[in-house]
Structure formats: C-alpha cells, structure tokens
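A.B. asks: Just passing along the structure, written as structure tokens.
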Amino acid sequence: MKLYLKIWRQKNASTKGQMVDYTLDGVESDMSFLEMLDILNEELISKGEEPVEFDHDCREGICGTCSLMINGRPHGPDSMITVCQLHMRSFNDGDEIVIEPWRAKAFPVIKDLIVDRTAFDRIQQAGGYISVNTSGRPVDANAIPIAKEMADKSFNAATCIGCGACVAACKNASAMLFTSAKVSQFALLPQGQVEAAERVENMVRQMDLEGFGNCTNTGACEIECPKGISLENIARMNREYLSASVKG
Amino acid sequence: MSGLIKSSIARKVVMALSGLFLVFFLVLHVTINLASVISPEFFNEASHFMGYNPLVQYLMQPILIIGVIVHFVMGFILEIQNRNARGIGYVKYKGSANAPWVSRNMFYSGLVILAFLGLHFYDFWVHEMTYKYIEVNPEDPTRYYAETVEKFAPFWRTIIYIVSFVLLSLHLWHGFSSSFQSMGVNNKYTPAIKTFTKLFAVVVPLAFAFIALYHHLNPITH
C-alpha cells in the first residue's frame, strides 16, 4: 500500500520542529508500524537524509518504550496495544497518517519523535519502592496471606509499563493514571504498608513538581492505556493521599 | 497539611466539594421554583422567608456566594494549569475517540453558566438588594410571584435561561459523578452514582426550563 506520512521532525531539544510530508510505497499489511518506519528510514538513509528518530526496544508490548501519537491517538487506532503491536492492516492504501511525539511540558522532545520521560523515573524514585529484609533470612513473600482480590488488583496496577500514553491522551497532560498505578500496586499489599503514607505524599508531590496537569476524570487515559489500567487506581490514590495528609 | 493545600489532588477535592454544595443548592432552588407553578401563595411565603430570615441572609447567602466563587476561581486555576501542562499542542488530536464531549468541555459549559449567573444575579439578586437596601422599601410578602412571572415576559430572556439550563445539564452530566471520583469514591456504588447523576442532570435543568417557559406562556393578566 501507498501511504502519505506527516511526521514531526525536530533537530534537538532546543530547536523548533515542524511536520514534514513523506510518501511511502510498498508497505505490506502484515508489517508492524515500527517496521514501516524502519523502511522509511532505510529510504531516507539511502537518499543521504537524516532518518526519523523514534523510541523502541522490546517490540513485543512489554517495555513501554515506543511512544507515538498516531492520527491523534496514543499508540494508534487499536485498543490495548503499544505501537510495536500495531500492524499496517489497521490502515488502508492511500491513507494519510499523522505521527507526532507525546505532547506534555513534562515530556520535552529530545529529537523528532523521542521525548524525555525521566519525569516518570523521578516520580517512581520519590516513593515507588518497599522496604524488605535483605539480611540473608528474608521472609518468603508467599508466606504472607493476601486476599485473591487484592493480589489481582495489585497485579493489574503493576502491569503499567510507564509508556506515558495516559499523559499523551489526557487533554490536561495529567500523569494521575501512571502515578496511581505505581501507588496502588504497593498500597494493596501488606508489604507496601510500611511507607504507605509517605509514598503517596512524595509521589504526588513529585508528580506536581514535574508540571503534569490535573485530572478531570474524562477517562481518556483508561481508554488509551495499552495495559488497561483502571480509573479505580486514581480514586484509590486520592483516598490514600487525603488520608495520609489529614493524619499528617 | 501545607502540602495538601498546594497539591493537585486537593485542588480537585475543593472543586468536587464546592460542586456538590452547589448541587445541593440546586435541589433547594428548584423545589422553591416549582412552588411558583403549583402554589403562588406558598412561593411568596417561601421567597419572603428566604429574603428576610437573618440566618438565610447573613449565613446561608454568603456561604452560597463563597461556594460559587470558589468553584469558578478554582475552575479557572485548573484550566490555566492544564493548558500549560500540554505546552505545544498536537497537530492532530482525536479527543472524541476516548472521552465524551461533556467531560472534555467542562470549562466551556462552566463559562456559559457563569455568564448566565451574571444575568440571573442582575435579574433577581441585584433587584432584591436595590428593593431592600437602596430604595429601602417596606416588606411586602406578596410581591415575589408577580415579580418572577414578569421577569419571564420577554422571549429573549426565557430563551437565554433555557439555553443556560441545557449547558447546566451537560455540566452536571459529567461533574456530579466526577466529584465522587475526585474524592476517592470508585467502588460498587459507582454505577448507581453514575445513573443517579444522569437522572439528576436531566430532571433538574428540565424542571428549571419548564418553570421559565411556564411563566413566559402564562403571564399575569391585569
């Protein structure tokens, strides 16, 4: 199939970018979206032009590295997948495809379609951990009884791959879904109780410091999340935060 | 506690609590307004009580005004922060693919309601203040029904009120249940809260619109 691509090109973080048009022929429907970009880059390189920079790593929907806004939606038109799991069969011959980086002040563009997502790392570092005994005789985690429902909810929250689609989709560039998933995965388990109060306070404080927007409960993040992280987590984080703040 | 005041979550809770307070006030307001259709005498009594009872005038009225101001000021603060958080906008952004129109346009429905409140305050509150404190007229417990009906005589005012009630409906459609989520309530009761929200968002503005239209179509003939 023949595609008309409009891709954001930006030399580096300090220069202004712009949309650039490319026409790409010979795209097969069973190619992945990233393979399509690989072919475009091979063409560009053969013509002596600068290839389009984009993030990717595992190419199997696990690492959360690929991060493209495709035709106005994070990770493209299909649900519950990352860009690397998106295939060209989701598009038609002659389609125009607009490809942009995640847009958020807290995710500045480094080059072309690559954004700096270390804001997420700093939120995680602010409290996304638990204290465990590593003295040589640790208590087996399986020895602590945990209700199935709680274990499932915690696991579901922990499936967040930190790709940033929630921020990209949210009209306010809010990072509440990501932060709430990281808070919830620990808050739901007994091992997470030791730092529960300071964890939520510190992670929310860091989230605000990074300059993400406020949640207005539109639910766009939940719809676009490739791992289906639920809004329930945001409500849980709000509860945890209010309770921790009031207790002081 | 100082961190709480500055946090994004606290700002959302302030928005939710002030919103729920205004929802409670809407119930009170629509109940009294319905009396103007059912029993003009009771409407006069209730309006006179609201207009001259010291508890209502000097406690409830200031609380209501503060509630309205807090909700709108916080709405503007959140909107400015949210716009700043995006920075450079998308060339193509398909918001309709993942969130309903009402939830994405709360700021605009809120702006229309704010503009409406300006007219509404001018129509009734400024009139009341002028009557009582500037012109210093004597108490007249029978004037309210006639004054209200007279207000809806012009077609343009009735239309502005009805259009504003449509926007109020859209604002409530998202805002009412959303305030529970902001306060951390998302559990087995959430589907019931969402159903009640939709019912409330239709019934209450519809009642307000009906009352405005009823008085427009049934003027007092002298």
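Ligands are numbered from 1 in the order shown, residues from 1 within each chain, and chains are lettered A, B, ... in the order they appear in the structure tokens.
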When you get a sec, could you note down which chain B residues fall within 8 Å of chain A, using only C-alpha atoms, as a PyMOL selection string?
C.D. replies: chain B and resi 1+3-4+7-10+12+78+81-95+97-100+103-104+178+181-187
A.B. asks: Within 8 Å of Asp25 in chain A, counting only C-alpha atoms, which residues qualify if same-chain residues fewer than 2 places away don't, as a list of chain:residue names?
C.D. replies: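 Once the adjacent positions are removed, what remains is A:Met1, A:Lys2, A:Leu3, A:Thr23, A:Val27.
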A.B. asks: Find the spatial neighbours of Lys194 in chain B, counting only C-alpha atoms, within a cut-off of 9 Å - ignore same-chain residues fewer than 2 positions away - and output them as a ChimeraX atom specification.
C.D. replies: /B:173-174,176-178,189-192,196-199
A.B. asks: Can you pull out every residue from range 47-151 of chain A that DSSP, working from the backbone, puts in strand (DSSP E), and format the result as a ChimeraX atom specification?
C.D. replies: /A:69-70,73-74,96-100,109-111,114-115
A.B. asks: Residues of range 36-90 of chain B that approach range 127-143 of chain B to 7 Å or less, counting only C-alpha atoms: could you list each one with the shortest pair of atoms and its distance in Å to one decimal, rows by chain and increasing residue number, as a Markdown table?
C.D. replies:
```
| residue | atom | partner | partner_atom | distance |
| --- | --- | --- | --- | --- |
| B:Asn44 | CA | B:Thr142 | CA | 5.7 |
| B:Glu45 | CA | B:Pro141 | CA | 6.6 |
| B:His48 | CA | B:Pro141 | CA | 5.5 |
```
